file protein-v5.pdb (PDB, C-alpha atoms, pLDDT in the B column)
ATOM      1  CA  MET A 531      34.878 -18.214 -65.807  1.00 39.00           C
ATOM      2  CA  ALA A 532      33.329 -15.307 -67.795  1.00 39.00           C
ATOM      3  CA  THR A 533      30.136 -15.550 -65.726  1.00 39.00           C
ATOM      4  CA  GLU A 534      32.174 -15.411 -62.519  1.00 41.00           C
ATOM      5  CA  ARG A 535      34.048 -12.333 -63.786  1.00 39.00           C
ATOM      6  CA  ARG A 536      30.729 -10.666 -64.714  1.00 45.00           C
ATOM      7  CA  GLN A 537      29.316 -11.369 -61.236  1.00 45.00           C
ATOM      8  CA  ASN A 538      32.451  -9.952 -59.597  1.00 42.00           C
ATOM      9  CA  SER A 539      32.167  -6.919 -61.878  1.00 46.00           C
ATOM     10  CA  LEU A 540      28.571  -6.399 -60.734  1.00 47.00           C
ATOM     11  CA  LEU A 541      29.642  -6.577 -57.115  1.00 49.00           C
ATOM     12  CA  SER A 542      32.465  -4.086 -57.604  1.00 62.00           C
ATOM     13  CA  ASN A 543      30.193  -1.526 -59.324  1.00 90.00           C
ATOM     14  CA  ALA A 544      27.425  -1.731 -56.723  1.00 95.00           C
ATOM     15  CA  LEU A 545      27.463   1.184 -54.303  1.00 96.00           C
ATOM     16  CA  PRO A 546      28.580   0.074 -50.831  1.00 96.00           C
ATOM     17  CA  LEU A 547      26.005   0.241 -48.056  1.00 95.00           C
ATOM     18  CA  ASP A 548      27.920   2.955 -46.223  1.00 95.00           C
ATOM     19  CA  PHE A 549      27.144   5.278 -49.172  1.00 97.00           C
ATOM     20  CA  PHE A 550      23.531   5.281 -47.945  1.00 98.00           C
ATOM     21  CA  GLN A 551      24.388   5.771 -44.265  1.00 97.00           C
ATOM     22  CA  ASP A 552      24.507   9.540 -44.460  1.00 97.00           C
ATOM     23  CA  ASP A 553      21.810  12.205 -44.199  1.00 97.00           C
ATOM     24  CA  VAL A 554      19.094  11.905 -46.828  1.00 97.00           C
ATOM     25  CA  LEU A 555      19.670  15.469 -48.062  1.00 97.00           C
ATOM     26  CA  ARG A 556      23.298  14.632 -48.893  1.00 97.00           C
ATOM     27  CA  VAL A 557      22.570  11.230 -50.440  1.00 98.00           C
ATOM     28  CA  ALA A 558      19.553  12.192 -52.592  1.00 98.00           C
ATOM     29  CA  PRO A 559      21.356  14.453 -55.093  1.00 97.00           C
ATOM     30  CA  LEU A 560      24.273  12.005 -55.257  1.00 97.00           C
ATOM     31  CA  LEU A 561      21.921   9.305 -56.612  1.00 97.00           C
ATOM     32  CA  LEU A 562      21.270  11.324 -59.764  1.00 97.00           C
ATOM     33  CA  GLY A 563      23.222   9.787 -62.631  1.00 96.00           C
ATOM     34  CA  LYS A 564      23.818   6.520 -60.776  1.00 97.00           C
ATOM     35  CA  TYR A 565      22.341   3.348 -62.299  1.00 97.00           C
ATOM     36  CA  LEU A 566      19.322   1.577 -60.873  1.00 98.00           C
ATOM     37  CA  VAL A 567      19.884  -2.093 -61.691  1.00 97.00           C
ATOM     38  CA  ARG A 568      17.451  -5.001 -61.469  1.00 97.00           C
ATOM     39  CA  LYS A 569      18.228  -8.640 -62.191  1.00 96.00           C
ATOM     40  CA  LEU A 570      14.965 -10.285 -63.218  1.00 94.00           C
ATOM     41  CA  SER A 571      13.994 -13.857 -62.385  1.00 89.00           C
ATOM     42  CA  ASN A 572      14.853 -14.921 -65.959  1.00 92.00           C
ATOM     43  CA  GLY A 573      18.392 -13.555 -65.531  1.00 91.00           C
ATOM     44  CA  ALA A 574      17.873 -10.462 -67.689  1.00 94.00           C
ATOM     45  CA  ILE A 575      19.364  -7.236 -66.354  1.00 96.00           C
ATOM     46  CA  LYS A 576      17.617  -3.857 -66.556  1.00 97.00           C
ATOM     47  CA  ARG A 577      19.859  -0.834 -65.934  1.00 96.00           C
ATOM     48  CA  SER A 578      19.049   2.845 -66.304  1.00 96.00           C
ATOM     49  CA  LYS A 579      20.296   6.190 -64.943  1.00 97.00           C
ATOM     50  CA  ILE A 580      18.378   7.675 -62.045  1.00 98.00           C
ATOM     51  CA  ILE A 581      17.174  11.155 -63.041  1.00 98.00           C
ATOM     52  CA  GLU A 582      14.612  12.112 -60.368  1.00 98.00           C
ATOM     53  CA  VAL A 583      14.336  11.441 -56.626  1.00 98.00           C
ATOM     54  CA  GLU A 584      12.586  12.871 -53.552  1.00 98.00           C
ATOM     55  CA  ALA A 585      13.899  13.018 -49.991  1.00 98.00           C
ATOM     56  CA  TYR A 586      11.825  12.286 -46.863  1.00 96.00           C
ATOM     57  CA  ARG A 587      13.474  13.164 -43.583  1.00 95.00           C
ATOM     58  CA  GLY A 588      12.394  11.985 -40.172  1.00 90.00           C
ATOM     59  CA  GLU A 589       9.408  12.079 -37.888  1.00 87.00           C
ATOM     60  CA  GLU A 590       9.261  15.886 -37.980  1.00 94.00           C
ATOM     61  CA  ASP A 591       8.730  15.871 -41.796  1.00 86.00           C
ATOM     62  CA  LEU A 592       4.935  15.751 -42.192  1.00 79.00           C
ATOM     63  CA  ALA A 593       5.335  14.386 -45.743  1.00 85.00           C
ATOM     64  CA  CYS A 594       7.366  11.421 -44.452  1.00 87.00           C
ATOM     65  CA  HIS A 595       5.638   8.173 -43.533  1.00 88.00           C
ATOM     66  CA  ALA A 596       7.601   8.197 -40.274  1.00 83.00           C
ATOM     67  CA  SER A 597       5.801  11.384 -39.180  1.00 90.00           C
ATOM     68  CA  LYS A 598       3.268   9.133 -37.440  1.00 89.00           C
ATOM     69  CA  GLY A 599       6.040   7.221 -35.676  1.00 83.00           C
ATOM     70  CA  LYS A 600       7.303   3.702 -36.013  1.00 86.00           C
ATOM     71  CA  THR A 601       4.658   1.291 -37.310  1.00 86.00           C
ATOM     72  CA  LYS A 602       4.732  -2.110 -38.961  1.00 87.00           C
ATOM     73  CA  ARG A 603       4.648  -0.338 -42.348  1.00 84.00           C
ATOM     74  CA  THR A 604       7.423   2.171 -41.554  1.00 88.00           C
ATOM     75  CA  GLU A 605       9.687  -0.040 -39.439  1.00 91.00           C
ATOM     76  CA  VAL A 606      12.222  -0.472 -42.261  1.00 95.00           C
ATOM     77  CA  MET A 607      12.688   3.311 -42.399  1.00 95.00           C
ATOM     78  CA  TYR A 608      14.224   3.070 -38.910  1.00 94.00           C
ATOM     79  CA  TRP A 609      16.883   0.608 -40.085  1.00 96.00           C
ATOM     80  CA  GLN A 610      20.305   1.710 -41.258  1.00 96.00           C
ATOM     81  CA  GLY A 611      20.768   3.100 -44.750  1.00 97.00           C
ATOM     82  CA  GLY A 612      20.935   0.729 -47.694  1.00 97.00           C
ATOM     83  CA  HIS A 613      17.660  -1.092 -47.027  1.00 98.00           C
ATOM     84  CA  ILE A 614      14.762  -1.053 -49.468  1.00 98.00           C
ATOM     85  CA  TYR A 615      11.396   0.385 -48.424  1.00 97.00           C
ATOM     86  CA  VAL A 616       8.521  -0.555 -50.759  1.00 97.00           C
ATOM     87  CA  TYR A 617       4.913   0.371 -50.136  1.00 94.00           C
ATOM     88  CA  PHE A 618       1.670   0.094 -52.111  1.00 92.00           C
ATOM     89  CA  ILE A 619      -0.526   3.115 -52.923  1.00 85.00           C
ATOM     90  CA  TYR A 620      -3.841   3.810 -54.626  1.00 81.00           C
ATOM     91  CA  GLY A 621      -4.472   0.070 -54.776  1.00 77.00           C
ATOM     92  CA  MET A 622      -2.275  -0.197 -57.858  1.00 85.00           C
ATOM     93  CA  TYR A 623       1.310   1.096 -57.511  1.00 93.00           C
ATOM     94  CA  TYR A 624       4.389   0.056 -55.587  1.00 96.00           C
ATOM     95  CA  MET A 625       6.801   2.831 -54.633  1.00 96.00           C
ATOM     96  CA  LEU A 626      10.552   2.176 -54.390  1.00 98.00           C
ATOM     97  CA  ASN A 627      12.424   3.971 -51.615  1.00 98.00           C
ATOM     98  CA  ILE A 628      15.991   3.639 -50.400  1.00 98.00           C
ATOM     99  CA  VAL A 629      16.510   4.062 -46.655  1.00 98.00           C
ATOM    100  CA  THR A 630      19.345   6.410 -45.712  1.00 98.00           C
ATOM    101  CA  GLY A 631      21.068   7.538 -42.552  1.00 96.00           C
ATOM    102  CA  LYS A 632      21.776   5.840 -39.269  1.00 96.00           C
ATOM    103  CA  GLU A 633      19.640   3.276 -37.494  1.00 94.00           C
ATOM    104  CA  HIS A 634      16.679   4.760 -35.567  1.00 96.00           C
ATOM    105  CA  CYS A 635      16.674   7.934 -37.745  1.00 94.00           C
ATOM    106  CA  PRO A 636      13.922   7.361 -40.339  1.00 96.00           C
ATOM    107  CA  GLN A 637      14.838   8.756 -43.740  1.00 97.00           C
ATOM    108  CA  ALA A 638      14.249   7.533 -47.270  1.00 97.00           C
ATOM    109  CA  ILE A 639      14.602   8.520 -50.897  1.00 98.00           C
ATOM    110  CA  LEU A 640      11.781   7.841 -53.340  1.00 98.00           C
ATOM    111  CA  ILE A 641      13.136   6.855 -56.751  1.00 98.00           C
ATOM    112  CA  ARG A 642      10.774   8.740 -59.080  1.00 97.00           C
ATOM    113  CA  SER A 643      12.307   8.319 -62.551  1.00 97.00           C
ATOM    114  CA  THR A 644      15.108   6.839 -64.609  1.00 97.00           C
ATOM    115  CA  GLU A 645      16.127   7.662 -68.177  1.00 96.00           C
ATOM    116  CA  GLU A 646      13.844   4.908 -69.469  1.00 94.00           C
ATOM    117  CA  VAL A 647      10.846   5.322 -67.167  1.00 96.00           C
ATOM    118  CA  LYS A 648       9.286   8.488 -65.791  1.00 95.00           C
ATOM    119  CA  GLY A 649       7.006   8.206 -62.770  1.00 95.00           C
ATOM    120  CA  PRO A 650       7.481   6.088 -59.640  1.00 96.00           C
ATOM    121  CA  GLY A 651       4.535   3.743 -60.318  1.00 95.00           C
ATOM    122  CA  ARG A 652       5.615   3.037 -63.898  1.00 96.00           C
ATOM    123  CA  LEU A 653       9.191   2.594 -62.681  1.00 97.00           C
ATOM    124  CA  THR A 654       8.327  -0.256 -60.308  1.00 97.00           C
ATOM    125  CA  LYS A 655       6.225  -1.959 -62.992  1.00 96.00           C
ATOM    126  CA  PHE A 656       9.076  -1.683 -65.508  1.00 96.00           C
ATOM    127  CA  TYR A 657      11.615  -3.065 -63.038  1.00 96.00           C
ATOM    128  CA  GLU A 658       9.198  -5.684 -61.653  1.00 96.00           C
ATOM    129  CA  ILE A 659       9.573  -4.379 -58.104  1.00 97.00           C
ATOM    130  CA  ASP A 660       6.948  -5.311 -55.546  1.00 96.00           C
ATOM    131  CA  LYS A 661       6.506  -5.739 -51.796  1.00 96.00           C
ATOM    132  CA  THR A 662       8.857  -8.766 -51.748  1.00 96.00           C
ATOM    133  CA  PHE A 663      11.784  -6.318 -51.824  1.00 97.00           C
ATOM    134  CA  ASN A 664      10.635  -4.473 -48.712  1.00 97.00           C
ATOM    135  CA  GLY A 665      13.247  -4.768 -45.950  1.00 97.00           C
ATOM    136  CA  LYS A 666      15.953  -6.288 -48.160  1.00 98.00           C
ATOM    137  CA  VAL A 667      19.374  -4.746 -48.594  1.00 97.00           C
ATOM    138  CA  LEU A 668      20.323  -3.220 -51.939  1.00 97.00           C
ATOM    139  CA  SER A 669      22.659  -5.813 -53.438  1.00 96.00           C
ATOM    140  CA  PRO A 670      23.211  -7.894 -56.573  1.00 96.00           C
ATOM    141  CA  GLU A 671      22.424 -10.988 -54.462  1.00 95.00           C
ATOM    142  CA  ASN A 672      18.937  -9.601 -53.786  1.00 96.00           C
ATOM    143  CA  GLY A 673      18.380  -8.658 -57.436  1.00 96.00           C
ATOM    144  CA  LEU A 674      18.198  -4.887 -56.935  1.00 97.00           C
ATOM    145  CA  TRP A 675      21.097  -2.488 -56.488  1.00 98.00           C
ATOM    146  CA  ILE A 676      22.522   0.869 -57.489  1.00 98.00           C
ATOM    147  CA  GLU A 677      25.734   1.064 -59.485  1.00 97.00           C
ATOM    148  CA  ASN A 678      28.243   3.835 -59.283  1.00 95.00           C
ATOM    149  CA  ASN A 679      28.743   6.274 -62.126  1.00 92.00           C
ATOM    150  CA  LEU A 680      31.411   8.945 -61.843  1.00 88.00           C
ATOM    151  CA  GLU A 681      29.600  11.330 -64.185  1.00 87.00           C
ATOM    152  CA  LYS A 682      28.776  14.647 -62.504  1.00 88.00           C
ATOM    153  CA  VAL A 683      25.101  15.443 -62.965  1.00 93.00           C
ATOM    154  CA  GLU A 684      23.726  18.960 -62.810  1.00 96.00           C
ATOM    155  CA  TYR A 685      20.337  19.159 -61.165  1.00 97.00           C
ATOM    156  CA  TYR A 686      17.660  21.475 -59.898  1.00 97.00           C
ATOM    157  CA  THR A 687      15.317  21.169 -56.935  1.00 97.00           C
ATOM    158  CA  THR A 688      11.564  21.672 -56.552  1.00 95.00           C
ATOM    159  CA  PRO A 689       9.006  21.005 -53.840  1.00 96.00           C
ATOM    160  CA  ARG A 690       7.989  17.350 -53.590  1.00 95.00           C
ATOM    161  CA  ILE A 691       4.998  16.100 -55.555  1.00 92.00           C
ATOM    162  CA  GLY A 692       1.691  14.934 -54.083  1.00 88.00           C
ATOM    163  CA  VAL A 693       2.231  16.011 -50.470  1.00 88.00           C
ATOM    164  CA  GLU A 694      -0.252  18.882 -50.212  1.00 83.00           C
ATOM    165  CA  TYR A 695      -1.385  17.574 -46.791  1.00 89.00           C
ATOM    166  CA  ALA A 696       2.077  18.197 -45.273  1.00 91.00           C
ATOM    167  CA  LYS A 697       1.551  21.888 -44.363  1.00 91.00           C
ATOM    168  CA  GLU A 698       4.817  23.868 -44.573  1.00 89.00           C
ATOM    169  CA  TRP A 699       6.713  20.641 -45.309  1.00 92.00           C
ATOM    170  CA  LYS A 700       5.147  20.483 -48.781  1.00 93.00           C
ATOM    171  CA  LEU A 701       7.298  23.479 -49.739  1.00 93.00           C
ATOM    172  CA  LYS A 702      10.652  21.876 -48.914  1.00 96.00           C
ATOM    173  CA  PRO A 703      12.745  21.768 -52.121  1.00 97.00           C
ATOM    174  CA  TRP A 704      13.572  18.107 -51.628  1.00 97.00           C
ATOM    175  CA  ARG A 705      12.760  16.835 -55.114  1.00 97.00           C
ATOM    176  CA  TYR A 706      15.991  16.534 -57.104  1.00 97.00           C
ATOM    177  CA  VAL A 707      15.816  16.401 -60.902  1.00 97.00           C
ATOM    178  CA  ALA A 708      18.743  15.888 -63.260  1.00 97.00           C
ATOM    179  CA  LYS A 709      19.008  18.633 -65.878  1.00 95.00           C
ATOM    180  CA  ASN A 710      18.859  17.792 -69.586  1.00 86.00           C
ATOM    181  CA  TYR A 711      16.686  14.692 -69.144  1.00 76.00           C
ATOM    182  CA  TRP A 712      13.215  16.311 -69.189  1.00 64.00           C
TER     183      TRP A 712
END

call {"tool": "encode", "arguments": {"input": "protein-v5.pdb", "output": "structure tokens"}}
result
Amino acid sequence: MATERRQNSLLSNALPLDFFQDDVLRVAPLLLGKYLVRKLSNGAIKRSKIIEVEAYRGEEDLACHASKGKTKRTEVMYWQGGHIYVYFIYGMYYMLNIVTGKEHCPQAILIRSTEEVKGPGRLTKFYEIDKTFNGKVLSPENGLWIENNLEKVEYYTTPRIGVEYAKEWKLKPWRYVAKNYW
């Protein structure tokens, strides 16, 4: 009975998928202060506040993977918000992204840091996130979700990191960082 109540509690705290079905520039700052939650294969739960994210917005955004159009790699970005987009870089790191917006409008938010782990590559290692999550929906049933937190988080913006190749798009202030966590 207690386990059932705990599972129902997890479901009620998980953000609904329609939360993610809005424009990436509205959703990204709202993720700050929410909890990234991962249920590991051994049943352990890891939960930590999201404190840094980056927004990537559509085919016109030269920093966005979708700037080259729909490919096998980027297909999930064209799905409706609430799906998970995971890719592998530098032969060693997985990157966790949350798709936002409406279907056929590729947008995603890179989860860069939580209170416990700073840096997107370290974050996925800590949470044991790999390519098997790519294309899944954020949900307790899939072992990865975001929980609501009503705390208002102050933040600042900066240009995104590591997108020097993106011409004028590298200057977009689409990196959102929670104040008082750095």

call {"tool": "closest_atom_pairs", "arguments": {"input": "protein-v5.pdb", "of": "range 546-592 of chain A", "to": "range 617-636 of chain A", "cutoff": "8 Å", "atoms": "all atoms listed in the file", "output": "JSON lines"}}
result
{"residue": "A:Phe550", "atom": "CA", "partner": "A:Thr630", "partner_atom": "CA", "distance": 4.9}
{"residue": "A:Gln551", "atom": "CA", "partner": "A:Gly631", "partner_atom": "CA", "distance": 4.1}
{"residue": "A:Asp552", "atom": "CA", "partner": "A:Gly631", "partner_atom": "CA", "distance": 4.4}
{"residue": "A:Asp553", "atom": "CA", "partner": "A:Gly631", "partner_atom": "CA", "distance": 5.0}
{"residue": "A:Val554", "atom": "CA", "partner": "A:Thr630", "partner_atom": "CA", "distance": 5.6}
{"residue": "A:Val557", "atom": "CA", "partner": "A:Thr630", "partner_atom": "CA", "distance": 7.5}
{"residue": "A:Arg587", "atom": "CA", "partner": "A:Pro636", "partner_atom": "CA", "distance": 6.7}
{"residue": "A:Gly588", "atom": "CA", "partner": "A:Pro636", "partner_atom": "CA", "distance": 4.9}
{"residue": "A:Glu589", "atom": "CA", "partner": "A:Pro636", "partner_atom": "CA", "distance": 7.0}

call {"tool": "residues_near_point", "arguments": {"input": "protein-v5.pdb", "point": "(20.8, -1.8, -49.4)", "cutoff": "8 Å", "atoms": "all atoms listed in the file", "output": "list in words"}}
result
Leu547, Phe550, Gly611, Gly612, His613, Ile614, Ile628, Val629, Lys666, Val667, Leu668, Ser669 and Trp675 of chain A

call {"tool": "resolve_selection", "arguments": {"input": "protein-v5.pdb", "expression": "the PyMOL selection byres ((chain A and resi 701) around 12)", "output": "VMD selection string"}}
result
chain A and resid 591 to 593 687 to 700 702 to 705

call {"tool": "residues_around", "arguments": {"input": "protein-v5.pdb", "residues": "Lys682 in chain A", "least_positions_apart": "2", "cutoff": "10 Å", "atoms": "all atoms listed in the file", "output": "ChimeraX atom specification"}}
result
/A:560,562-564,679-680,684-685

call {"tool": "resolve_selection", "arguments": {"input": "protein-v5.pdb", "expression": "the PyMOL selection byres ((chain A and resi 709) around 8)", "output": "PyMOL selection string"}}
result
chain A and resi 683-686+707-708+710-712

call {"tool": "write_last_selection", "arguments": {"input": "protein-v5.pdb", "atoms": "C-alpha atoms", "output": "mmCIF file, keeping the file's coordinate frame"}}
result
data_model
loop_
_atom_site.group_PDB
_atom_site.id
_atom_site.type_symbol
_atom_site.label_atom_id
_atom_site.label_comp_id
_atom_site.auth_asym_id
_atom_site.auth_seq_id
_atom_site.Cartn_x
_atom_site.Cartn_y
_atom_site.Cartn_z
ATOM 1 C CA VAL A 683 25.101 15.443 -62.965
ATOM 2 C CA GLU A 684 23.726 18.960 -62.810
ATOM 3 C CA TYR A 685 20.337 19.159 -61.165
ATOM 4 C CA TYR A 686 17.660 21.475 -59.898
ATOM 5 C CA VAL A 707 15.816 16.401 -60.902
ATOM 6 C CA ALA A 708 18.743 15.888 -63.260
ATOM 7 C CA ASN A 710 18.859 17.792 -69.586
ATOM 8 C CA TYR A 711 16.686 14.692 -69.144
ATOM 9 C CA TRP A 712 13.215 16.311 -69.189
#

call {"tool": "atom_distance", "arguments": {"input": "protein-v5.pdb", "atom1": "CA of Leu545 in chain A", "atom2": "CA of Gly573 in chain A"}}
result
20.6 Å

call {"tool": "atom_distance", "arguments": {"input": "protein-v5.pdb", "atom1": "CA of Lys648 in chain A", "atom2": "CA of Tyr586 in chain A"}}
result
19.5 Å

call {"tool": "residues_around", "arguments": {"input": "protein-v5.pdb", "residues": "Ile659 in chain A", "least_positions_apart": "4", "cutoff": "10 Å", "atoms": "all atoms listed in the file", "output": "ChimeraX atom specification"}}
result
/A:568,570,616,623-626,651,653-655,663-664,673-674

call {"tool": "closest_residue", "arguments": {"input": "protein-v5.pdb", "among": "A:Ser571, A:Asp548, A:Leu555, A:Leu640", "to": "Tyr657 in chain A", "atoms": "all atoms listed in the file"}}
result
A:Ser571

call {"tool": "closest_residue", "arguments": {"input": "protein-v5.pdb", "among": "A:Ala558, A:Ala544, A:Ile575, A:Val583", "to": "Arg642 in chain A", "atoms": "only C-alpha atoms"}}
result
A:Val583

call {"tool": "atom_distance", "arguments": {"input": "protein-v5.pdb", "atom1": "CA of Arg577 in chain A", "atom2": "CA of Val606 in chain A"}}
result
24.9 Å

call {"tool": "closest_residue", "arguments": {"input": "protein-v5.pdb", "among": "A:Pro546, A:Lys576, A:Pro559, A:Trp609", "to": "Ala596 in chain A", "atoms": "only C-alpha atoms"}}
result
A:Trp609
